[in-house]
>>> print(open('start26.pdb').read())   # PDB, C-alpha atoms
ATOM      1  CA  MET W   1       9.014 -24.575 -47.490
ATOM      2  CA  THR W   2       7.388 -26.332 -44.534
ATOM      3  CA  PHE W   3       5.873 -24.629 -41.526
ATOM      4  CA  LYS W   4       8.681 -25.952 -39.325
ATOM      5  CA  ASN W   5      11.375 -24.458 -41.569
ATOM      6  CA  LYS W   6       9.476 -21.179 -41.802
ATOM      7  CA  ALA W   7       9.159 -21.046 -37.997
ATOM      8  CA  ILE W   8      12.882 -21.754 -37.550
ATOM      9  CA  GLU W   9      13.726 -19.063 -40.100
ATOM     10  CA  LEU W  10      11.481 -16.518 -38.314
ATOM     11  CA  ALA W  11      12.995 -17.437 -34.935
ATOM     12  CA  ASN W  12      16.533 -16.943 -36.310
ATOM     13  CA  GLU W  13      15.555 -13.559 -37.779
ATOM     14  CA  ALA W  14      14.081 -12.490 -34.450
ATOM     15  CA  LYS W  15      17.213 -13.631 -32.625
ATOM     16  CA  ASN W  16      19.457 -11.702 -35.009
ATOM     17  CA  SER W  17      17.293  -8.582 -34.690
ATOM     18  CA  ALA W  18      17.378  -8.832 -30.894
ATOM     19  CA  GLU W  19      21.168  -9.225 -30.859
ATOM     20  CA  LYS W  20      21.565  -6.232 -33.167
ATOM     21  CA  LEU W  21      19.236  -4.114 -31.020
ATOM     22  CA  SER W  22      21.047  -5.194 -27.855
ATOM     23  CA  LYS W  23      24.408  -4.144 -29.310
ATOM     24  CA  GLU W  24      22.982  -0.783 -30.389
ATOM     25  CA  VAL W  25      21.509  -0.142 -26.937
ATOM     26  CA  GLN W  26      24.777  -1.040 -25.218
ATOM     27  CA  GLN W  27      26.680   1.347 -27.467
ATOM     28  CA  SER W  28      24.282   4.257 -27.002
ATOM     29  CA  GLN W  29      25.029   7.246 -24.776
ATOM     30  CA  ALA W  30      21.805   6.908 -22.818
ATOM     31  CA  PHE W  31      22.713   3.373 -21.794
ATOM     32  CA  GLU W  32      26.078   4.586 -20.493
ATOM     33  CA  GLN W  33      24.439   7.430 -18.569
ATOM     34  CA  VAL W  34      21.922   5.094 -16.955
ATOM     35  CA  LYS W  35      24.673   2.640 -16.120
ATOM     36  CA  SER W  36      26.830   5.327 -14.452
ATOM     37  CA  THR W  37      23.833   6.753 -12.563
ATOM     38  CA  LEU W  38      22.960   3.311 -11.235
ATOM     39  CA  ALA W  39      26.559   2.792 -10.119
ATOM     40  CA  GLU W  40      26.559   6.162  -8.290
ATOM     41  CA  THR W  41      23.226   5.376  -6.621
ATOM     42  CA  LYS W  42      24.533   2.000  -5.504
ATOM     43  CA  GLU W  43      27.598   3.638  -3.968
ATOM     44  CA  LYS W  44      25.481   6.228  -2.132
ATOM     45  CA  ALA W  45      23.077   3.585  -0.848
ATOM     46  CA  SER W  46      25.872   1.411   0.447
ATOM     47  CA  ALA W  47      27.439   4.417   2.205
ATOM     48  CA  ILE W  48      24.355   4.966   4.416
ATOM     49  CA  ASP W  49      25.016   3.871   7.978
ATOM     50  CA  THR W  50      22.067   1.759   9.108
ATOM     51  CA  SER W  51      23.512   0.912  12.518
ATOM     52  CA  GLY W  52      20.859   3.070  14.213
ATOM     53  CA  LEU W  53      17.998   1.374  12.361
ATOM     54  CA  LYS W  54      15.562  -0.201  14.815
ATOM     55  CA  LEU W  55      12.027  -1.423  14.388
ATOM     56  CA  MET W  56       9.675   0.227  16.869
ATOM     57  CA  ASN W  57       6.070   1.122  17.737
ATOM     58  CA  PHE W  58       4.783  -2.407  17.271
ATOM     59  CA  PHE W  59       1.203  -1.694  18.423
ATOM     60  CA  ALA W  60       0.818   0.986  15.767
ATOM     61  CA  VAL W  61       2.415  -1.241  13.154
ATOM     62  CA  PHE W  62       0.107  -4.114  14.131
ATOM     63  CA  SER W  63      -3.008  -1.940  13.911
ATOM     64  CA  LEU W  64      -2.018  -0.513  10.502
ATOM     65  CA  VAL W  65      -1.173  -3.960   9.113
ATOM     66  CA  ALA W  66      -4.531  -5.233  10.415
ATOM     67  CA  LEU W  67      -6.210  -2.308   8.641
ATOM     68  CA  LEU W  68      -4.477  -3.196   5.368
ATOM     69  CA  ILE W  69      -5.233  -6.905   5.655
ATOM     70  CA  SER W  70      -8.893  -6.320   6.547
ATOM     71  CA  THR W  71      -9.499  -4.724   3.151
ATOM     72  CA  PHE W  72      -8.860  -8.031   1.403
ATOM     73  CA  PHE W  73     -11.479 -10.003   3.344
ATOM     74  CA  PRO W  74     -15.078 -10.046   2.072
ATOM     75  CA  LEU W  75     -16.897  -6.855   3.037
ATOM     76  CA  ALA W  76     -20.339  -8.040   2.013
ATOM     77  CA  ASN W  77     -22.108 -10.838   0.192
ATOM     78  CA  VAL W  78     -24.188  -9.291  -2.552
ATOM     79  CA  MET W  79     -26.323 -11.589  -4.712
ATOM     80  CA  GLY W  80     -24.132 -14.562  -3.875
ATOM     81  CA  ASN W  81     -20.854 -12.788  -4.655
ATOM     82  CA  SER W  82     -18.462 -11.622  -2.000
ATOM     83  CA  LEU W  83     -17.214  -8.061  -2.358
ATOM     84  CA  PRO W  84     -13.868  -7.220  -0.735
ATOM     85  CA  LEU W  85     -13.293  -3.731   0.616
ATOM     86  CA  SER W  86     -10.250  -3.403  -1.653
ATOM     87  CA  GLU W  87     -12.569  -3.039  -4.660
ATOM     88  CA  VAL W  88     -14.122   0.154  -3.299
ATOM     89  CA  THR W  89     -11.053   1.553  -1.520
ATOM     90  CA  PRO W  90      -9.147   4.275  -3.383
ATOM     91  CA  THR W  91      -5.473   3.621  -4.003
ATOM     92  CA  TRP W  92      -4.398   6.800  -2.253
ATOM     93  CA  LEU W  93      -5.732   5.398   1.053
ATOM     94  CA  TYR W  94      -3.341   2.476   0.664
ATOM     95  CA  VAL W  95      -0.491   4.905   0.017
ATOM     96  CA  ILE W  96      -1.290   6.930   3.148
ATOM     97  CA  THR W  97      -1.553   3.743   5.207
ATOM     98  CA  ALA W  98       1.790   2.492   3.902
ATOM     99  CA  LEU W  99       3.439   5.841   4.692
ATOM    100  CA  ALA W 100       1.994   5.831   8.223
ATOM    101  CA  LEU W 101       3.117   2.234   8.663
ATOM    102  CA  CYS W 102       6.683   3.012   7.594
ATOM    103  CA  SER W 103       6.882   6.165   9.705
ATOM    104  CA  HIS W 104       5.781   4.259  12.816
ATOM    105  CA  LEU W 105       7.944   1.249  12.045
ATOM    106  CA  PHE W 106      11.142   3.249  11.634
ATOM    107  CA  GLY W 107      10.359   5.849  14.307
ATOM    108  CA  ALA W 108       9.984   9.068  12.344
ATOM    109  CA  LYS W 109       9.263  12.253  14.279
ATOM    110  CA  GLN W 110       6.122  11.854  16.358
ATOM    111  CA  ILE W 111       4.341  14.795  14.759
ATOM    112  CA  ILE W 112       4.802  13.239  11.306
ATOM    113  CA  SER W 113       3.582   9.796  12.346
ATOM    114  CA  ARG W 114       0.625  11.077  14.328
ATOM    115  CA  GLY W 115      -0.231  13.523  11.540
ATOM    116  CA  LEU W 116      -0.328  10.676   9.038
ATOM    117  CA  ILE W 117      -2.575   8.639  11.348
ATOM    118  CA  ILE W 118      -4.967  11.551  11.864
ATOM    119  CA  PHE W 119      -5.016  12.263   8.119
ATOM    120  CA  LEU W 120      -5.668   8.564   7.444
ATOM    121  CA  LEU W 121      -8.544   8.451   9.928
ATOM    122  CA  ALA W 122     -10.068  11.623   8.479
ATOM    123  CA  ALA W 123      -9.773  10.224   4.943
ATOM    124  CA  ILE W 124     -11.351   6.908   5.981
ATOM    125  CA  SER W 125     -14.194   8.734   7.747
ATOM    126  CA  LEU W 126     -14.846  10.930   4.724
ATOM    127  CA  THR W 127     -14.798   7.930   2.364
ATOM    128  CA  ILE W 128     -17.197   5.963   4.575
ATOM    129  CA  PHE W 129     -19.494   8.980   4.880
ATOM    130  CA  GLN W 130     -19.593   9.365   1.100
ATOM    131  CA  GLN W 131     -20.296   5.643   0.566
ATOM    132  CA  VAL W 132     -23.087   5.587   3.162
ATOM    133  CA  SER W 133     -24.707   8.768   1.834
ATOM    134  CA  ASP W 134     -24.633   7.352  -1.701
ATOM    135  CA  MET W 135     -26.266   4.136  -0.496
ATOM    136  CA  LEU W 136     -28.939   6.066   1.415
ATOM    137  CA  GLN W 137     -29.770   8.092  -1.691
ATOM    138  CA  VAL W 138     -30.133   4.955  -3.789
ATOM    139  CA  PHE W 139     -31.899   2.664  -1.317
ATOM    140  CA  GLY W 140     -33.434   5.076   1.199
ATOM    141  CA  ALA W 141     -33.209   4.895   4.986
ATOM    142  CA  PRO W 142     -33.308   1.290   6.232
ATOM    143  CA  ARG W 143     -35.689   0.060   8.951
ATOM    144  CA  SER W 144     -34.308  -1.513  12.137
ATOM    145  CA  ARG W 145     -35.328  -4.989  10.910
ATOM    146  CA  ASP W 146     -33.351  -4.377   7.695
ATOM    147  CA  LEU W 147     -30.330  -3.259   9.721
ATOM    148  CA  MET W 148     -30.352  -6.543  11.686
ATOM    149  CA  ARG W 149     -30.590  -8.544   8.465
ATOM    150  CA  LEU W 150     -27.795  -6.453   6.978
ATOM    151  CA  ALA W 151     -25.535  -7.034  10.003
ATOM    152  CA  THR W 152     -26.144 -10.775  10.117
ATOM    153  CA  GLU W 153     -26.615 -11.868   6.522
ATOM    154  CA  VAL W 154     -24.998  -9.368   4.163
ATOM    155  CA  LEU W 155     -21.932  -7.992   5.938
ATOM    156  CA  GLY W 156     -18.895 -10.251   5.901
ATOM    157  CA  ALA W 157     -15.870 -10.782   8.120
ATOM    158  CA  GLY W 158     -13.936  -8.030   6.341
ATOM    159  CA  PHE W 159     -16.369  -5.393   7.610
ATOM    160  CA  TYR W 160     -15.951  -6.452  11.229
ATOM    161  CA  LEU W 161     -12.163  -6.770  10.905
ATOM    162  CA  PHE W 162     -12.066  -3.321   9.334
ATOM    163  CA  ILE W 163     -14.080  -1.802  12.201
ATOM    164  CA  VAL W 164     -11.839  -3.441  14.836
ATOM    165  CA  SER W 165      -8.669  -2.341  13.042
ATOM    166  CA  CYS W 166     -10.032   1.221  12.701
ATOM    167  CA  ILE W 167     -10.629   1.272  16.459
ATOM    168  CA  LEU W 168      -7.043   0.053  16.978
ATOM    169  CA  VAL W 169      -5.771   2.837  14.704
ATOM    170  CA  ILE W 170      -7.761   5.380  16.738
ATOM    171  CA  VAL W 171      -6.178   3.999  19.912
ATOM    172  CA  THR W 172      -2.793   4.316  18.178
ATOM    173  CA  ALA W 173      -3.438   8.000  17.507
ATOM    174  CA  LEU W 174      -4.320   8.598  21.165
ATOM    175  CA  LYS W 175      -1.857   6.204  22.806
ATOM    176  CA  PRO W 176       1.087   7.799  24.621
ATOM    177  CA  GLY W 177       4.559   6.298  24.488
ATOM    178  CA  TYR W 178       5.490   6.852  20.861
ATOM    179  CA  LYS W 179       9.162   6.029  20.311
ATOM    180  CA  ALA W 180      11.076   8.115  17.800
ATOM    181  CA  ASN W 181      14.392   6.931  16.411
ATOM    182  CA  ASN W 182      16.195  10.284  16.410
ATOM    183  CA  GLU W 183      19.628   8.681  16.008
ATOM    184  CA  PHE W 184      18.742   7.003  12.718
ATOM    185  CA  TRP W 185      16.950  10.025  11.271
ATOM    186  CA  SER W 186      19.781  12.396  12.158
ATOM    187  CA  LYS W 187      22.249  10.080  10.421
ATOM    188  CA  LEU W 188      19.984   9.793   7.384
ATOM    189  CA  ILE W 189      19.568  13.560   7.060
ATOM    190  CA  GLN W 190      23.324  14.157   7.365
ATOM    191  CA  LYS W 191      24.097  11.962   4.341
TER     192      LYS W 191
END
>>> encode(input="start26.pdb", output="structure tokens")
Amino acid sequence: MTFKNKAIELANEAKNSAEKLSKEVQQSQAFEQVKSTLAETKEKASAIDTSGLKLMNFFAVFSLVALLISTFFPLANVMGNSLPLSEVTPTWLYVITALALCSHLFGAKQIISRGLIIFLLAAISLTIFQQVSDMLQVFGAPRSRDLMRLATEVLGAGFYLFIVSCILVIVTALKPGYKANNEFWSKLIQK
């Protein structure tokens, strides 16, 4: 038997096994339960009235998006390699930022949105403090000449974008004029 014939025979066996498995899955009870649950979820999702859905709080949304984007730019150039902030940022900070972004975008209650921003800023401050203290333990306190070299040669655009976006997020936390979308949230809670 040639390799070509053997390969065709193996492919046909795999196809037959896949068809058999597909028929067994379709006939199983679990498949039917999942199928009915998905149908119910689709019906419930289509029943939600989104007429009150508005996008709002664009300054806050802009500052949070800038914060997210800044983590993907190079933070520093170390030994010829650029290091983005996303490599040292914990995933849970991204989750908190995304939650704050969504709450501002869709106008959740002000206390929720502002609470998420304050929690995000506290978490960022704590993370930065830990990173800096670890670096100081390893390398010692830098001299002023080393700080100038660090600011001009080592730190990349991502660091400066991150600092600017953090300042914008702080302004967002302090800025009056938050717009809540009470109509949409009351409809969503009623469903």
>>> residues_around(input="start26.pdb", residues="W:Trp92", least_positions_apart="4", cutoff="10 Å", atoms="only C-alpha atoms", output="count of residues only")
5
>>> residues_around(input="start26.pdb", residues="W:Gly156", least_positions_apart="3", cutoff="8 Å", atoms="only C-alpha atoms", output="short mmCIF file (atom, residue, chain, number, x, y, z; two decimals) with C-alpha atoms, in the frame of the given file")
data_model
loop_
_atom_site.label_atom_id
_atom_site.label_comp_id
_atom_site.auth_asym_id
_atom_site.auth_seq_id
_atom_site.Cartn_x
_atom_site.Cartn_y
_atom_site.Cartn_z
CA PHE W 73 -11.48 -10.00 3.34
CA PRO W 74 -15.08 -10.05 2.07
CA LEU W 75 -16.90 -6.86 3.04
CA ALA W 76 -20.34 -8.04 2.01
CA ASN W 77 -22.11 -10.84 0.19
CA GLU W 153 -26.62 -11.87 6.52
CA PHE W 159 -16.37 -5.39 7.61
CA TYR W 160 -15.95 -6.45 11.23
#
>>> residues_around(input="start26.pdb", residues="stretch 62-66 of chain W", least_positions_apart="2", cutoff="7 Å", atoms="only C-alpha atoms", output="ChimeraX atom specification")
/W:58-60,68-70,97,101,165,168-169
>>> closest_residue(input="start26.pdb", among="W:Lys6, W:Ile128, W:Ala108, W:Ser113", to="W:Ile163", atoms="only C-alpha atoms")
W:Ile128
>>> closest_residue(input="start26.pdb", among="W:Val95, W:Cys102, W:Leu155, W:Ala173", to="W:Gly115", atoms="all atoms listed in the file")
W:Ala173
>>> atom_distance(input="start26.pdb", atom1="atom CA of W:Pro90", atom2="atom CA of W:Phe162")
15.1 Å
>>> atom_distance(input="start26.pdb", atom1="atom CA of W:Gln131", atom2="atom CA of W:Leu174")
26.2 Å
>>> atom_distance(input="start26.pdb", atom1="atom CA of W:Ser133", atom2="atom CA of W:Val171")
26.3 Å
>>> closest_residue(input="start26.pdb", among="W:Ala122, W:Ala18, W:Ala157, W:Ala11", to="W:Leu83", atoms="only C-alpha atoms")
W:Ala157
>>> residues_around(input="start26.pdb", residues="W:Ile170", least_positions_apart="4", cutoff="9 Å", atoms="all atoms listed in the file", output="list in words")
Ile117, Ile118, Leu121, Ser165, Cys166, Leu174 and Lys175 of chain W
>>> build_atoms(input="start26.pdb", residues="stretch 85-111 of chain W", atoms="N, CA and C atoms", output="PDB file, keeping the file's coordinate frame")
ATOM      1  N   LEU W  85     -13.379  -5.173   0.436  1.00  0.00           N
ATOM      2  CA  LEU W  85     -13.293  -3.731   0.616  1.00  0.00           C
ATOM      3  C   LEU W  85     -12.267  -3.126  -0.333  1.00  0.00           C
ATOM      4  N   SER W  86     -11.301  -3.916  -0.763  1.00  0.00           N
ATOM      5  CA  SER W  86     -10.250  -3.403  -1.653  1.00  0.00           C
ATOM      6  C   SER W  86     -10.808  -2.952  -2.997  1.00  0.00           C
ATOM      7  N   GLU W  87     -11.980  -3.446  -3.380  1.00  0.00           N
ATOM      8  CA  GLU W  87     -12.569  -3.039  -4.660  1.00  0.00           C
ATOM      9  C   GLU W  87     -13.181  -1.647  -4.609  1.00  0.00           C
ATOM     10  N   VAL W  88     -13.529  -1.175  -3.417  1.00  0.00           N
ATOM     11  CA  VAL W  88     -14.122   0.154  -3.299  1.00  0.00           C
ATOM     12  C   VAL W  88     -13.194   1.144  -2.590  1.00  0.00           C
ATOM     13  N   THR W  89     -12.009   0.689  -2.210  1.00  0.00           N
ATOM     14  CA  THR W  89     -11.053   1.553  -1.520  1.00  0.00           C
ATOM     15  C   THR W  89     -10.163   2.243  -2.534  1.00  0.00           C
ATOM     16  N   PRO W  90     -10.045   3.576  -2.462  1.00  0.00           N
ATOM     17  CA  PRO W  90      -9.147   4.275  -3.383  1.00  0.00           C
ATOM     18  C   PRO W  90      -7.680   3.941  -3.095  1.00  0.00           C
ATOM     19  N   THR W  91      -6.887   3.970  -4.127  1.00  0.00           N
ATOM     20  CA  THR W  91      -5.473   3.621  -4.003  1.00  0.00           C
ATOM     21  C   THR W  91      -4.736   4.574  -3.079  1.00  0.00           C
ATOM     22  N   TRP W  92      -5.113   5.834  -3.078  1.00  0.00           N
ATOM     23  CA  TRP W  92      -4.398   6.800  -2.253  1.00  0.00           C
ATOM     24  C   TRP W  92      -4.540   6.495  -0.767  1.00  0.00           C
ATOM     25  N   LEU W  93      -5.623   5.804  -0.348  1.00  0.00           N
ATOM     26  CA  LEU W  93      -5.732   5.398   1.053  1.00  0.00           C
ATOM     27  C   LEU W  93      -4.689   4.340   1.394  1.00  0.00           C
ATOM     28  N   TYR W  94      -4.399   3.467   0.443  1.00  0.00           N
ATOM     29  CA  TYR W  94      -3.341   2.476   0.664  1.00  0.00           C
ATOM     30  C   TYR W  94      -1.984   3.161   0.783  1.00  0.00           C
ATOM     31  N   VAL W  95      -1.762   4.175  -0.024  1.00  0.00           N
ATOM     32  CA  VAL W  95      -0.491   4.905   0.017  1.00  0.00           C
ATOM     33  C   VAL W  95      -0.316   5.596   1.365  1.00  0.00           C
ATOM     34  N   ILE W  96      -1.370   6.255   1.848  1.00  0.00           N
ATOM     35  CA  ILE W  96      -1.290   6.930   3.148  1.00  0.00           C
ATOM     36  C   ILE W  96      -1.053   5.919   4.266  1.00  0.00           C
ATOM     37  N   THR W  97      -1.732   4.783   4.196  1.00  0.00           N
ATOM     38  CA  THR W  97      -1.553   3.743   5.207  1.00  0.00           C
ATOM     39  C   THR W  97      -0.135   3.211   5.185  1.00  0.00           C
ATOM     40  N   ALA W  98       0.412   2.989   4.007  1.00  0.00           N
ATOM     41  CA  ALA W  98       1.790   2.492   3.902  1.00  0.00           C
ATOM     42  C   ALA W  98       2.786   3.525   4.443  1.00  0.00           C
ATOM     43  N   LEU W  99       2.558   4.795   4.154  1.00  0.00           N
ATOM     44  CA  LEU W  99       3.439   5.841   4.692  1.00  0.00           C
ATOM     45  C   LEU W  99       3.371   5.897   6.214  1.00  0.00           C
ATOM     46  N   ALA W 100       2.156   5.824   6.763  1.00  0.00           N
ATOM     47  CA  ALA W 100       1.994   5.831   8.223  1.00  0.00           C
ATOM     48  C   ALA W 100       2.645   4.602   8.837  1.00  0.00           C
ATOM     49  N   LEU W 101       2.506   3.474   8.178  1.00  0.00           N
ATOM     50  CA  LEU W 101       3.117   2.234   8.663  1.00  0.00           C
ATOM     51  C   LEU W 101       4.632   2.360   8.713  1.00  0.00           C
ATOM     52  N   CYS W 102       5.220   2.858   7.639  1.00  0.00           N
ATOM     53  CA  CYS W 102       6.683   3.012   7.594  1.00  0.00           C
ATOM     54  C   CYS W 102       7.170   4.042   8.610  1.00  0.00           C
ATOM     55  N   SER W 103       6.434   5.140   8.766  1.00  0.00           N
ATOM     56  CA  SER W 103       6.882   6.165   9.705  1.00  0.00           C
ATOM     57  C   SER W 103       6.834   5.656  11.142  1.00  0.00           C
ATOM     58  N   HIS W 104       5.830   4.846  11.473  1.00  0.00           N
ATOM     59  CA  HIS W 104       5.781   4.259  12.816  1.00  0.00           C
ATOM     60  C   HIS W 104       6.827   3.165  12.980  1.00  0.00           C
ATOM     61  N   LEU W 105       7.008   2.367  11.962  1.00  0.00           N
ATOM     62  CA  LEU W 105       7.944   1.249  12.045  1.00  0.00           C
ATOM     63  C   LEU W 105       9.377   1.719  12.246  1.00  0.00           C
ATOM     64  N   PHE W 106       9.768   2.780  11.549  1.00  0.00           N
ATOM     65  CA  PHE W 106      11.142   3.249  11.634  1.00  0.00           C
ATOM     66  C   PHE W 106      11.312   4.430  12.579  1.00  0.00           C
ATOM     67  N   GLY W 107      10.253   4.831  13.279  1.00  0.00           N
ATOM     68  CA  GLY W 107      10.359   5.849  14.307  1.00  0.00           C
ATOM     69  C   GLY W 107      10.627   7.248  13.792  1.00  0.00           C
ATOM     70  N   ALA W 108       9.856   7.688  12.823  1.00  0.00           N
ATOM     71  CA  ALA W 108       9.984   9.068  12.344  1.00  0.00           C
ATOM     72  C   ALA W 108       9.532  10.006  13.465  1.00  0.00           C
ATOM     73  N   LYS W 109       9.691  11.284  13.266  1.00  0.00           N
ATOM     74  CA  LYS W 109       9.263  12.253  14.279  1.00  0.00           C
ATOM     75  C   LYS W 109       7.794  11.994  14.623  1.00  0.00           C
ATOM     76  N   GLN W 110       7.464  12.158  15.885  1.00  0.00           N
ATOM     77  CA  GLN W 110       6.122  11.854  16.358  1.00  0.00           C
ATOM     78  C   GLN W 110       5.065  12.691  15.653  1.00  0.00           C
ATOM     79  N   ILE W 111       5.340  13.935  15.404  1.00  0.00           N
ATOM     80  CA  ILE W 111       4.341  14.795  14.759  1.00  0.00           C
ATOM     81  C   ILE W 111       4.021  14.312  13.337  1.00  0.00           C
TER      82      ILE W 111
END
